[in-house]
Structures are given as structure tokens and as C-alpha cells.
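One file, entry-v2.cif, is given below (mmCIF, C-alpha atoms and all ligand atoms).
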```
data_model
loop_
_atom_site.label_atom_id
_atom_site.label_comp_id
_atom_site.auth_asym_id
_atom_site.auth_seq_id
_atom_site.Cartn_x
_atom_site.Cartn_y
_atom_site.Cartn_z
CA MET A 1444 0.00 0.00 0.00
CA ALA A 1445 1.18 3.46 -0.73
CA SER A 1446 1.73 5.79 2.14
CA SER A 1447 -0.27 8.97 2.44
CA SER A 1448 1.08 12.35 3.35
CA CYS A 1449 -2.33 13.15 4.86
CA PHE A 1450 -1.55 10.79 7.68
CA LEU A 1451 1.97 12.05 7.93
CA ARG A 1452 1.06 15.63 8.53
CA SER A 1453 1.63 15.68 12.23
CA ILE A 1454 4.88 13.83 11.81
CA LEU A 1455 6.06 16.08 9.06
CA PHE A 1456 5.24 19.34 10.70
CA SER A 1457 8.27 19.26 12.90
CA SER A 1458 11.68 20.76 12.51
CA PRO A 1459 13.05 19.64 9.14
CA THR A 1460 16.30 18.60 10.78
CA ASN A 1461 14.42 16.00 12.79
CA LEU A 1462 12.39 14.66 9.93
CA ARG A 1463 12.46 11.10 8.80
CA SER A 1464 10.98 10.38 5.40
CA ASN A 1465 10.25 6.67 5.74
CA HIS A 1466 7.01 6.67 7.70
CA HIS A 1467 4.50 4.54 5.90
CA LEU A 1468 0.88 4.37 6.88
CA PRO A 1469 -1.94 2.84 4.91
CA THR A 1470 -3.91 4.85 2.43
CA PHE A 1471 -7.64 4.35 2.49
CA PHE A 1472 -8.86 7.54 0.91
CA PRO A 1473 -11.56 6.95 -1.65
CA LYS A 1474 -10.63 7.60 -5.22
CA ASN A 1475 -12.03 10.75 -6.72
CA HIS A 1476 -15.52 10.64 -8.15
CA LEU A 1477 -15.43 14.06 -9.70
CA ILE A 1478 -15.60 14.46 -13.42
CA CYS A 1479 -13.33 17.31 -14.36
CA SER A 1480 -13.14 19.47 -17.43
CA HIS A 1481 -11.45 22.79 -17.76
CA SER A 1482 -9.90 25.17 -20.20
CA THR A 1483 -6.48 26.43 -19.27
CA SER A 1484 -6.76 29.61 -21.29
CA SER A 1485 -6.89 32.84 -19.35
CA ARG A 1486 -10.26 34.49 -18.96
CA PHE A 1487 -8.57 37.87 -19.09
CA GLU A 1488 -8.04 38.68 -22.73
CA SER A 1489 -6.96 42.28 -22.58
CA LEU A 1490 -5.23 44.55 -20.17
CA SER A 1491 -5.02 48.28 -19.88
CA VAL A 1492 -3.19 49.76 -16.98
CA SER A 1493 -4.05 53.13 -15.53
CA SER A 1494 -2.05 54.58 -12.70
CA ILE A 1495 -3.65 55.84 -9.54
CA GLY A 1496 -1.52 58.14 -7.45
CA THR A 1497 1.68 57.18 -9.19
CA GLY A 1498 4.63 58.70 -7.41
CA SER A 1499 2.48 60.37 -4.81
CA THR A 1500 2.85 60.01 -1.09
CA LYS A 1501 0.14 57.79 0.27
CA LYS A 1502 -1.01 58.56 3.79
CA SER A 1503 -0.77 55.59 6.00
CA SER A 1504 -0.65 54.78 9.66
CA ASP A 1505 2.43 52.77 8.85
CA THR A 1506 5.29 55.24 8.56
CA ARG A 1507 7.44 52.77 6.65
CA ARG A 1508 4.98 53.08 3.86
CA LYS A 1509 6.03 56.23 2.16
CA VAL A 1510 5.39 55.95 -1.53
CA LYS A 1511 3.10 53.53 -3.15
CA SER A 1512 2.16 53.47 -6.79
CA MET A 1513 -0.90 51.58 -7.68
CA ALA A 1514 -2.20 50.58 -11.04
CA ARG A 1515 -5.49 48.94 -11.69
CA THR A 1516 -6.53 46.95 -14.68
CA ASN A 1517 -9.69 47.49 -16.68
CA ILE A 1518 -10.52 44.12 -18.04
CA GLY A 1519 -13.77 44.64 -19.85
CA LYS A 1520 -16.01 41.71 -19.01
CA GLU A 1521 -13.82 40.69 -16.06
CA GLU A 1522 -13.31 43.16 -13.24
CA LYS A 1523 -11.60 40.69 -10.96
CA LYS A 1524 -8.00 41.27 -11.82
CA ARG A 1525 -5.85 44.05 -10.51
CA VAL A 1526 -2.20 44.99 -10.56
CA GLU A 1527 -0.61 46.74 -7.62
CA ILE A 1528 2.81 48.27 -7.97
CA TYR A 1529 5.01 49.23 -5.02
CA ASP A 1530 8.06 51.43 -4.99
CA LEU A 1531 9.49 49.28 -2.23
CA GLU A 1532 9.26 45.54 -1.67
CA GLU A 1533 8.84 46.38 2.01
CA ASN A 1534 5.53 48.09 1.24
CA LEU A 1535 4.48 45.19 -0.93
CA ALA A 1536 5.10 42.83 1.98
CA ILE A 1537 3.01 45.04 4.28
CA ASP A 1538 0.05 45.03 1.88
CA LEU A 1539 0.40 41.34 1.11
CA ALA A 1540 0.13 40.59 4.83
CA LYS A 1541 -3.00 42.71 5.15
CA PHE A 1542 -4.51 41.15 2.03
CA THR A 1543 -3.90 37.66 3.40
CA ALA A 1544 -5.06 38.51 6.92
CA ASP A 1545 -8.29 40.04 5.59
CA LEU A 1546 -9.06 36.93 3.57
CA SER A 1547 -8.20 34.74 6.53
CA ASP A 1548 -10.65 36.70 8.65
CA LYS A 1549 -13.35 36.46 6.00
CA PHE A 1550 -13.05 32.72 5.38
CA CYS A 1551 -12.48 31.72 9.01
CA LYS A 1552 -15.71 33.50 9.94
CA LYS A 1553 -17.64 32.37 6.89
CA ARG A 1554 -16.69 28.72 6.69
CA GLY A 1555 -14.57 28.00 9.74
CA ALA A 1556 -11.51 27.17 7.67
CA PHE A 1557 -9.00 28.95 5.46
CA THR A 1558 -7.21 26.93 2.78
CA VAL A 1559 -3.94 28.57 1.75
CA VAL A 1560 -1.48 27.43 -0.89
CA VAL A 1561 2.07 28.74 -1.26
CA SER A 1562 4.81 28.38 -3.84
CA GLY A 1563 8.50 28.24 -3.03
CA GLY A 1564 11.01 30.89 -3.95
CA SER A 1565 11.06 34.50 -2.83
CA LEU A 1566 7.32 34.52 -2.09
CA ILE A 1567 7.98 33.08 1.35
CA LYS A 1568 10.18 36.04 2.25
CA SER A 1569 7.45 38.40 1.07
CA LEU A 1570 5.10 36.79 3.63
CA ARG A 1571 7.34 37.84 6.52
CA LYS A 1572 4.97 40.54 7.84
CA LEU A 1573 2.34 37.90 8.61
CA VAL A 1574 4.53 36.44 11.32
CA GLU A 1575 4.92 39.82 12.96
CA SER A 1576 2.60 41.96 15.05
CA PRO A 1577 -0.32 42.55 14.69
CA TYR A 1578 -1.05 39.54 12.48
CA VAL A 1579 0.87 36.89 14.34
CA ASP A 1580 -1.44 37.41 17.32
CA SER A 1581 -4.69 38.27 15.54
CA ILE A 1582 -4.95 35.65 12.78
CA ASP A 1583 -7.00 32.56 13.61
CA TRP A 1584 -4.14 30.20 12.77
CA ALA A 1585 -5.99 27.16 14.15
CA ARG A 1586 -8.34 27.35 11.18
CA TRP A 1587 -5.61 27.53 8.55
CA HIS A 1588 -4.95 24.60 6.21
CA PHE A 1589 -1.59 24.98 4.51
CA PHE A 1590 -0.58 23.49 1.13
CA TRP A 1591 2.15 23.76 -1.49
CA VAL A 1592 1.40 24.53 -5.13
CA ASP A 1593 4.60 22.72 -6.00
CA GLU A 1594 7.32 20.87 -4.22
CA ARG A 1595 10.69 19.48 -5.09
CA VAL A 1596 11.05 15.75 -4.43
CA VAL A 1597 13.89 16.02 -1.94
CA PRO A 1598 14.11 15.28 1.79
CA LYS A 1599 12.36 17.81 3.98
CA ASN A 1600 15.59 18.92 5.56
CA HIS A 1601 17.19 19.56 2.15
CA ASP A 1602 17.95 23.15 1.20
CA ASP A 1603 15.90 22.72 -1.99
CA SER A 1604 12.77 21.71 -0.08
CA ASN A 1605 9.88 24.15 -0.30
CA TYR A 1606 8.63 22.62 2.95
CA LYS A 1607 11.88 23.56 4.68
CA LEU A 1608 11.75 27.05 3.19
CA ALA A 1609 8.23 27.62 4.47
CA TYR A 1610 8.94 25.92 7.79
CA ASP A 1611 12.05 27.94 8.59
CA SER A 1612 10.57 31.37 7.85
CA PHE A 1613 6.86 30.90 8.39
CA LEU A 1614 5.44 27.68 9.79
CA SER A 1615 7.83 27.53 12.72
CA LYS A 1616 6.62 30.96 13.84
CA VAL A 1617 2.84 30.52 13.80
CA PRO A 1618 0.51 28.09 15.61
CA ILE A 1619 -1.03 26.34 12.62
CA PRO A 1620 -2.01 22.87 13.89
CA PRO A 1621 0.52 20.34 12.60
CA GLY A 1622 -2.34 18.25 11.25
CA ASN A 1623 -3.35 21.12 8.99
CA VAL A 1624 -0.02 21.29 7.18
CA TYR A 1625 -0.06 19.13 4.07
CA ALA A 1626 3.47 18.27 3.05
CA ILE A 1627 4.20 15.87 0.22
CA ASN A 1628 5.52 12.39 0.89
CA GLU A 1629 8.93 12.72 -0.66
CA ALA A 1630 9.80 9.12 0.18
CA LEU A 1631 7.74 8.21 -2.86
CA SER A 1632 8.71 8.63 -6.49
CA ALA A 1633 7.67 11.97 -8.00
CA GLU A 1634 4.79 10.30 -9.82
CA ALA A 1635 3.55 8.48 -6.72
CA ALA A 1636 3.99 11.61 -4.58
CA ALA A 1637 1.80 13.57 -7.01
CA ASP A 1638 -0.89 10.86 -6.91
CA ASP A 1639 -0.62 10.74 -3.13
CA TYR A 1640 -1.05 14.51 -2.82
CA GLU A 1641 -4.04 14.43 -5.16
CA THR A 1642 -5.57 11.67 -3.06
CA CYS A 1643 -4.98 13.79 0.03
CA LEU A 1644 -6.80 16.73 -1.60
CA LYS A 1645 -9.72 14.48 -2.51
CA HIS A 1646 -9.98 13.31 1.06
CA LEU A 1647 -10.10 16.94 2.19
CA VAL A 1648 -12.87 17.59 -0.33
CA ASN A 1649 -14.80 14.63 1.04
CA THR A 1650 -14.42 15.97 4.56
CA ASN A 1651 -15.50 19.48 3.50
CA ILE A 1652 -12.24 21.15 4.44
CA LEU A 1653 -11.54 21.88 0.82
CA ARG A 1654 -14.28 23.29 -1.39
CA VAL A 1655 -14.92 22.32 -4.98
CA SER A 1656 -15.52 24.87 -7.72
CA GLU A 1657 -19.08 24.65 -8.95
CA SER A 1658 -18.03 25.74 -12.40
CA THR A 1659 -14.97 23.53 -12.92
CA GLY A 1660 -15.27 20.60 -10.52
CA PHE A 1661 -11.69 21.20 -9.39
CA PRO A 1662 -10.74 22.00 -5.79
CA LYS A 1663 -11.31 25.62 -4.90
CA PHE A 1664 -8.65 26.89 -2.52
CA ASP A 1665 -9.46 30.09 -0.68
CA LEU A 1666 -6.10 31.71 -1.42
CA MET A 1667 -3.20 30.76 -3.63
CA LEU A 1668 0.03 32.73 -3.13
CA LEU A 1669 2.33 32.32 -6.13
CA GLY A 1670 5.73 33.53 -7.19
CA MET A 1671 6.86 33.72 -10.81
CA GLY A 1672 10.23 32.81 -12.30
CA PRO A 1673 12.16 35.05 -14.72
CA ASP A 1674 10.92 32.86 -17.59
CA GLY A 1675 7.32 33.41 -16.48
CA HIS A 1676 6.80 29.98 -14.92
CA VAL A 1677 4.44 29.56 -12.02
CA ALA A 1678 4.35 26.57 -9.68
CA SER A 1679 6.39 24.01 -11.67
CA LEU A 1680 4.59 24.80 -14.91
CA PHE A 1681 7.33 25.93 -17.28
CA PRO A 1682 7.09 27.68 -20.67
CA GLY A 1683 6.45 25.25 -23.49
CA HIS A 1684 6.08 22.24 -21.20
CA GLY A 1685 3.22 19.86 -21.92
CA LEU A 1686 2.10 19.94 -18.28
CA CYS A 1687 0.79 23.46 -18.88
CA ASN A 1688 -1.98 21.83 -20.92
CA GLU A 1689 -3.01 19.22 -18.35
CA SER A 1690 -6.77 19.45 -18.14
CA LYS A 1691 -7.84 16.53 -15.94
CA LYS A 1692 -5.37 15.82 -13.17
CA TRP A 1693 -5.12 17.93 -10.02
CA VAL A 1694 -1.48 17.22 -9.19
CA VAL A 1695 1.18 16.02 -11.62
CA SER A 1696 4.85 15.14 -11.48
CA ILE A 1697 7.65 16.58 -13.57
CA SER A 1698 11.02 14.89 -13.99
CA ASP A 1699 12.62 17.33 -16.42
CA SER A 1700 12.17 20.66 -14.66
CA PRO A 1701 14.41 23.24 -16.32
CA LYS A 1702 14.84 24.83 -12.89
CA PRO A 1703 16.68 22.43 -10.58
CA PRO A 1704 15.97 20.13 -8.94
CA SER A 1705 14.43 18.29 -11.87
CA GLU A 1706 12.00 16.07 -9.92
CA ARG A 1707 8.96 17.91 -8.64
CA ILE A 1708 5.25 17.73 -8.20
CA THR A 1709 2.93 20.58 -9.10
CA PHE A 1710 -0.70 21.62 -9.11
CA THR A 1711 -2.14 21.95 -12.60
CA PHE A 1712 -3.65 25.07 -14.14
CA PRO A 1713 -7.26 23.91 -13.66
CA VAL A 1714 -6.59 23.71 -9.92
CA ILE A 1715 -4.71 27.01 -9.72
CA ASN A 1716 -7.37 28.80 -11.74
CA SER A 1717 -10.25 27.40 -9.70
CA SER A 1718 -8.97 29.22 -6.61
CA ALA A 1719 -11.15 31.88 -5.08
CA HIS A 1720 -8.27 34.33 -4.72
CA VAL A 1721 -4.83 34.25 -6.30
CA ALA A 1722 -1.94 36.58 -5.51
CA LEU A 1723 0.97 36.61 -7.93
CA VAL A 1724 3.92 38.19 -6.13
CA VAL A 1725 6.75 39.27 -8.39
CA CYS A 1726 9.80 41.39 -7.60
CA GLY A 1727 12.95 42.38 -9.43
CA SER A 1728 13.93 43.75 -12.83
CA GLY A 1729 14.92 40.27 -14.03
CA LYS A 1730 11.22 39.45 -14.21
CA ALA A 1731 10.05 42.62 -15.98
CA GLU A 1732 9.91 41.06 -19.45
CA ALA A 1733 7.92 38.06 -18.28
CA VAL A 1734 5.55 40.36 -16.37
CA GLU A 1735 5.03 42.41 -19.52
CA ALA A 1736 4.41 39.34 -21.69
CA ALA A 1737 2.05 37.81 -19.12
CA LEU A 1738 0.00 40.93 -18.50
CA LYS A 1739 0.00 42.51 -21.94
CA LYS A 1740 -0.22 39.12 -23.64
CA THR A 1741 2.60 40.05 -25.98
CA GLY A 1742 5.02 37.70 -27.73
CA ASN A 1743 5.18 34.23 -26.27
CA VAL A 1744 2.82 34.51 -23.35
CA PRO A 1745 4.44 32.65 -20.44
CA PRO A 1746 2.55 30.36 -18.06
CA ALA A 1747 1.95 33.24 -15.63
CA GLY A 1748 -0.26 34.77 -18.33
CA SER A 1749 -2.62 31.81 -18.00
CA VAL A 1750 -3.24 32.33 -14.29
CA SER A 1751 -6.74 33.38 -13.32
CA ALA A 1752 -8.98 33.09 -10.28
CA GLU A 1753 -12.68 32.56 -9.74
CA ASP A 1754 -13.12 35.59 -7.50
CA GLU A 1755 -10.00 37.75 -7.63
CA LEU A 1756 -6.50 37.77 -9.11
CA VAL A 1757 -4.05 40.34 -7.75
CA TRP A 1758 -0.57 40.92 -9.11
CA PHE A 1759 1.71 42.36 -6.41
CA LEU A 1760 4.67 43.90 -8.22
CA ASP A 1761 7.59 45.98 -7.11
CA LYS A 1762 8.63 48.83 -9.37
CA PRO A 1763 11.50 47.03 -11.13
CA ALA A 1764 9.25 44.08 -11.99
CA SER A 1765 6.66 46.47 -13.41
CA SER A 1766 9.13 48.58 -15.38
CA LYS A 1767 7.99 47.33 -18.79
CA LEU A 1768 4.27 47.79 -18.24
C1 LIG A 1801 9.66 26.48 -6.99
C2 LIG A 1801 8.62 27.50 -6.99
C3 LIG A 1801 8.56 28.37 -8.20
C4 LIG A 1801 8.88 29.75 -7.72
C5 LIG A 1801 9.30 30.63 -8.85
C6 LIG A 1801 9.72 31.98 -8.37
O1 LIG A 1801 9.60 25.59 -6.19
O2 LIG A 1801 10.61 26.57 -7.78
O3 LIG A 1801 7.44 27.20 -6.44
O4 LIG A 1801 7.38 28.37 -8.93
O5 LIG A 1801 7.78 30.30 -7.07
O6 LIG A 1801 10.38 30.03 -9.49
O7 LIG A 1801 10.82 31.85 -7.55
P1 LIG A 1801 11.62 33.16 -7.13
O8 LIG A 1801 10.61 34.09 -6.57
O9 LIG A 1801 12.61 32.70 -6.10
O10 LIG A 1801 12.25 33.67 -8.38
#
```

Do you think you could lay out the structure here as C-alpha cells?
Amino acid sequence: MASSSCFLRSILFSSPTNLRSNHHLPTFFPKNHLICSHSTSSRFESLSVSSIGTGSTKKSSDTRRKVKSMARTNIGKEEKKRVEIYDLEENLAIDLAKFTADLSDKFCKKRGAFTVVVSGGSLIKSLRKLVESPYVDSIDWARWHFFWVDERVVPKNHDDSNYKLAYDSFLSKVPIPPGNVYAINEALSAEAAADDYETCLKHLVNTNILRVSESTGFPKFDLMLLGMGPDGHVASLFPGHGLCNESKKWVVSISDSPKPPSERITFTFPVINSSAHVALVVCGSGKAEAVEAALKKTGNVPPAGSVSAEDELVWFLDKPASSKL
């Protein structure tokens, strides 16, 4: 019998240096009964950016927040996408924390749970304000359920592990119940780990922790927090890779990732795009061209250009990342 990371949660949510990866417990989660169909094309066909208060000083109770430029998109039929541009990454981090805390408050009150997905990379650093006052004490962490949009198939104490990254800077600082942290079972092959994670998600759907999108049939996470690579990849969905077109599976494996390490698992676009809220957090001039191509839909539109959300998509950009918009 394959092991299931669902049952390993409480074991895995401990210091990565103490982790053992060979715990095996029986899987008995029912197989999925959902019939899934989805288009991966973005629902946002055009983008025009108009600046609001560009270069002006924005009054704020937070004195660190001196200048904030904001641009909003006018999408025509879709009004759910916006682009926010910050002169300083510090200000972006402050707003990202507030954005996340507000959604946490809303979903914890509304449905008694908040399902949050993170990527690896620099996003985790941009979440640093959440583990500071006032949020660290005011967020209802007990109701959080924490997932990864992608993970590298390496031991949890490995420097390449997205679990370790999130644990060191985030999870170790907040009281999310260990049983609510859904790490992959990296003792399995990449393919089996992807199947195992998908089975775990289906179990959480069956137990009503995870919602299902009425329009797509895919799981509907409350909030997905994504970074983007310089080539415009999101999660482990890379430009030109066939996995970008996956339309049925929830979680897939990749063994030829152009960004090392090569073995990973990743959510698919239908899952990402069925989220209620998605934040795409992108900083640095090295990503400006991919931001431009993704938002203006120019040239070869990278995977980030296919990201959408059912309720709201927000791009959090620092000024260098937005320099070609
Ligand atoms: C991963 C990530 C990946 C990441 C982007 C951006 O595990 O590699 O989940 O999708 O978010 O590559 O990473 P940076 O922000 O560090 O550039």
C-alpha cells in the first residue's frame, strides 16, 4: 500500500532537521468521483493599466509606507484582476500581509476554515509581515490549512525543499495545527507523490475542508500565493512544457524541470485557476519582461499569463518588476 502524506502531517510538521521520510501508513482515501473538465486559457483577454496616485505620497498609519504606486486593470467583461505596484518591496510585503489577513478573517468567519497554498522561492520572504505583530497574534491560525502549489522531491531537511523554506521562515513561527499542514511524501517517487497529494486533496474535499468549484469541478482553494520565475513559470509549470496543458489531473509530477531540482510535483492550471483568490507576487527587474508578456499578452505569453482566479486575481509587483508595463 502506498503511504499517504495526509496521515503524515503531524509527523512532518516538525523541525526539518528532525524529519524522517520513511514513515508509511496505509492509504484508504476513496478515489475521486469528480468528473473534471477545464480550459487552461486565461479568462482575461486584454489589459489596460491606468495609474492611480503614481509617485504620490500615500497617507498611511504605517510610517514605513512612504510611496506607493498603484495601477489597476480594466478588463472589460472581467473586473476581478488588478495589478498593484510598489516602490518598495517592504511596502508590498506590508500590503500582502494585510490582504492575506483580511481573507483569513473572511473565510475563518464564513466557513470556519481557510485553505492557503504557497509556492516556493522568494514569495515566502514576502510573507514575513504575517509572522509579525499585529497579524501573528490576531490571525486565527488554528483554522488555517496549509498546502504547497509545488514541491521538489527532496528530503524535507534539504535546502531545496519548499517545505523547509516555508517551515524555517513561516510555519515555525505561527501556531497552525501540525495536522493542517499538508506536506508531500517525498519518500515516494515523484509520480507516486503527485498521486498521493491528489488523493490527500480528494480526502479533504470529502471531509469538506476543501471546497470544490461549482463551475470547474476542481478543488477551490481560498487563497493561492504564487511567485513567478524570470521565464514566467508559475508553480512548476514551465514555458512550453506539456504539463501546462493538463486538463484533468489535479497534481502532476515533472522529472525534467528546467529549474533544478528536476523532480517535482505541481498543481495543474485547472486547480490554480479554480482558486477563489490568487496573488501573484513578483519582484525584481529580471522578471520585468515576463511580467510584460504575461499581463499585456505580448510575444510568447508565459505560463503566468494563464493564471486566473474565480473571484480575484491580484498581481503584487515591485517597481523594477513592473518597469515594462
Ligand atoms: C519552486 C517554486 C517556483 C517559484 C518561482 C519563483 O519551487 O521553484 O514554487 O514556482 O515560485 O520560481 O521563484 P523566485 O521568486 O525565487 O524567483

Handout entry: Separation of CA of Ala1633 in chain A from CA of Glu1689 in chain A, in Å and rounded to one decimal
Key = 16.5 Å

Could you give me the centre and size, in Å to one decimal, of an axis-aligned box around all listed atoms of ligand LIG 1801 (chain A) with 4 Å added on every side, as JSON?
```
{"center_x": 10.0, "center_y": 29.8, "center_z": -7.8, "size_x": 13.2, "size_y": 16.5, "size_z": 11.4}
```

Contact check, chain A to ligand LIG 1801 (chain A), at most 7 Å, counting only C-alpha atoms and all ligand atoms, closest pairs as JSON lines:
```
{"residue": "A:Ser1562", "atom": "CA", "partner": "A:LIG1801", "partner_atom": "O3", "distance": 3.9}
{"residue": "A:Gly1563", "atom": "CA", "partner": "A:LIG1801", "partner_atom": "O3", "distance": 3.7}
{"residue": "A:Gly1564", "atom": "CA", "partner": "A:LIG1801", "partner_atom": "O9", "distance": 3.2}
{"residue": "A:Ser1565", "atom": "CA", "partner": "A:LIG1801", "partner_atom": "O8", "distance": 3.8}
{"residue": "A:Leu1566", "atom": "CA", "partner": "A:LIG1801", "partner_atom": "O8", "distance": 5.6}
{"residue": "A:Val1592", "atom": "CA", "partner": "A:LIG1801", "partner_atom": "O3", "distance": 6.7}
{"residue": "A:Asp1593", "atom": "CA", "partner": "A:LIG1801", "partner_atom": "O3", "distance": 5.3}
{"residue": "A:Glu1594", "atom": "CA", "partner": "A:LIG1801", "partner_atom": "O1", "distance": 5.6}
{"residue": "A:Arg1595", "atom": "CA", "partner": "A:LIG1801", "partner_atom": "O1", "distance": 6.3}
{"residue": "A:Asn1605", "atom": "CA", "partner": "A:LIG1801", "partner_atom": "O1", "distance": 6.1}
{"residue": "A:Leu1669", "atom": "CA", "partner": "A:LIG1801", "partner_atom": "O5", "distance": 5.9}
{"residue": "A:Gly1670", "atom": "CA", "partner": "A:LIG1801", "partner_atom": "O5", "distance": 3.8}
{"residue": "A:Met1671", "atom": "CA", "partner": "A:LIG1801", "partner_atom": "C6", "distance": 4.1}
{"residue": "A:Gly1672", "atom": "CA", "partner": "A:LIG1801", "partner_atom": "O6", "distance": 4.0}
{"residue": "A:Pro1673", "atom": "CA", "partner": "A:LIG1801", "partner_atom": "O10", "distance": 6.5}
{"residue": "A:His1676", "atom": "CA", "partner": "A:LIG1801", "partner_atom": "O4", "distance": 6.2}
{"residue": "A:Val1677", "atom": "CA", "partner": "A:LIG1801", "partner_atom": "O4", "distance": 4.4}
{"residue": "A:Ala1678", "atom": "CA", "partner": "A:LIG1801", "partner_atom": "O4", "distance": 3.6}
{"residue": "A:Ser1679", "atom": "CA", "partner": "A:LIG1801", "partner_atom": "O4", "distance": 5.2}
{"residue": "A:Lys1702", "atom": "CA", "partner": "A:LIG1801", "partner_atom": "O2", "distance": 6.9}
{"residue": "A:Val1725", "atom": "CA", "partner": "A:LIG1801", "partner_atom": "O8", "distance": 6.7}
```

Handout entry: All residues 7 Å or closer to Phe1557 in chain A, only C-alpha atoms, same chain fewer than 5 positions away omitted, as a PyMOL selection string
Key = chain A and resi 1547+1550-1551+1586-1588+1665

Selection above as a file: C-alpha atoms, as a compact mmCIF listing (two decimals), keeping the file's coordinate frame:
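Writing the result to part.txt gives the following:
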```txt
# COMPACT_ATOMS: atom_id res chain seq x y z
CA SER A 1547 -8.20 34.74 6.53
CA PHE A 1550 -13.05 32.72 5.38
CA CYS A 1551 -12.48 31.72 9.01
CA ARG A 1586 -8.34 27.35 11.18
CA TRP A 1587 -5.61 27.53 8.55
CA HIS A 1588 -4.95 24.60 6.21
CA ASP A 1665 -9.46 30.09 -0.68
```

Problem - Among the residues A:Ile1582, A:Leu1539, A:Leu1680, A:Val1655, the one that comes closest to Ser1717 in chain A [using all atoms listed in the file] - result: A:Val1655

Can you tell me which residues surround Tyr1640 in chain A at a distance of at most 9 Å, considering all atoms listed in the file, apart from same-chain residues fewer than 2 positions away, and format the answer as a CSV table (one decimal) with C-alpha atoms, keeping the file's coordinate frame?
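Writing done, so here's selection_30.csv:
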```csv
chain,number,residue,atom,x,y,z
A,1447,SER,CA,-0.3,9.0,2.4
A,1448,SER,CA,1.1,12.4,3.4
A,1449,CYS,CA,-2.3,13.2,4.9
A,1625,TYR,CA,-0.1,19.1,4.1
A,1626,ALA,CA,3.5,18.3,3.0
A,1627,ILE,CA,4.2,15.9,0.2
A,1628,ASN,CA,5.5,12.4,0.9
A,1635,ALA,CA,3.6,8.5,-6.7
A,1636,ALA,CA,4.0,11.6,-4.6
A,1637,ALA,CA,1.8,13.6,-7.0
A,1638,ASP,CA,-0.9,10.9,-6.9
A,1642,THR,CA,-5.6,11.7,-3.1
A,1643,CYS,CA,-5.0,13.8,0.0
A,1644,LEU,CA,-6.8,16.7,-1.6
A,1645,LYS,CA,-9.7,14.5,-2.5
A,1693,TRP,CA,-5.1,17.9,-10.0
A,1694,VAL,CA,-1.5,17.2,-9.2
A,1708,ILE,CA,5.2,17.7,-8.2
```

Handout entry: Selected residue, from A:Ala1556, A:Ala1540, A:Ala1733, A:Ala1722, that lies nearest to Leu1653 in chain A when counting only C-alpha atoms
Key = A:Ala1556

If I only have part of range 1653-1666 of chain A, can you fill in N, CA, C and O atoms and write it as a CSV table (one decimal), in the frame of the given file?
```csv
chain,number,residue,atom,x,y,z
A,1653,LEU,N,-11.8,21.3,2.1
A,1653,LEU,CA,-11.5,21.9,0.8
A,1653,LEU,C,-12.8,22.0,0.0
A,1653,LEU,O,-13.5,21.0,-0.1
A,1654,ARG,N,-13.1,23.1,-0.5
A,1654,ARG,CA,-14.3,23.3,-1.4
A,1654,ARG,C,-14.0,22.8,-2.8
A,1654,ARG,O,-12.8,22.6,-3.2
A,1655,VAL,N,-15.1,22.7,-3.6
A,1655,VAL,CA,-14.9,22.3,-5.0
A,1655,VAL,C,-15.6,23.4,-5.8
A,1655,VAL,O,-16.6,23.9,-5.4
A,1656,SER,N,-14.9,23.8,-6.9
A,1656,SER,CA,-15.5,24.9,-7.7
A,1656,SER,C,-16.8,24.3,-8.4
A,1656,SER,O,-16.7,23.3,-9.0
A,1657,GLU,N,-17.8,25.1,-8.3
A,1657,GLU,CA,-19.1,24.6,-9.0
A,1657,GLU,C,-18.9,24.7,-10.5
A,1657,GLU,O,-19.6,23.9,-11.2
A,1658,SER,N,-18.1,25.6,-11.0
A,1658,SER,CA,-18.0,25.7,-12.4
A,1658,SER,C,-17.0,24.8,-13.0
A,1658,SER,O,-17.1,24.4,-14.2
A,1659,THR,N,-16.0,24.4,-12.3
A,1659,THR,CA,-15.0,23.5,-12.9
A,1659,THR,C,-14.9,22.1,-12.4
A,1659,THR,O,-14.4,21.2,-13.0
A,1660,GLY,N,-15.4,21.9,-11.1
A,1660,GLY,CA,-15.3,20.6,-10.5
A,1660,GLY,C,-13.9,20.4,-9.9
A,1660,GLY,O,-13.7,19.3,-9.3
A,1661,PHE,N,-13.0,21.3,-10.0
A,1661,PHE,CA,-11.7,21.2,-9.4
A,1661,PHE,C,-11.7,21.8,-8.0
A,1661,PHE,O,-12.6,22.6,-7.7
A,1662,PRO,N,-10.7,21.4,-7.1
A,1662,PRO,CA,-10.7,22.0,-5.8
A,1662,PRO,C,-10.6,23.5,-5.8
A,1662,PRO,O,-9.9,24.1,-6.7
A,1663,LYS,N,-11.3,24.2,-4.9
A,1663,LYS,CA,-11.3,25.6,-4.9
A,1663,LYS,C,-10.6,26.1,-3.6
A,1663,LYS,O,-11.3,26.1,-2.5
A,1664,PHE,N,-9.4,26.4,-3.7
A,1664,PHE,CA,-8.6,26.9,-2.5
A,1664,PHE,C,-9.1,28.3,-2.3
A,1664,PHE,O,-9.4,29.1,-3.2
A,1665,ASP,N,-9.1,28.7,-1.0
A,1665,ASP,CA,-9.5,30.1,-0.7
A,1665,ASP,C,-8.4,31.1,-1.2
A,1665,ASP,O,-8.8,32.1,-1.7
A,1666,LEU,N,-7.2,30.8,-1.0
A,1666,LEU,CA,-6.1,31.7,-1.4
A,1666,LEU,C,-4.9,30.9,-1.9
A,1666,LEU,O,-4.4,30.0,-1.2
```
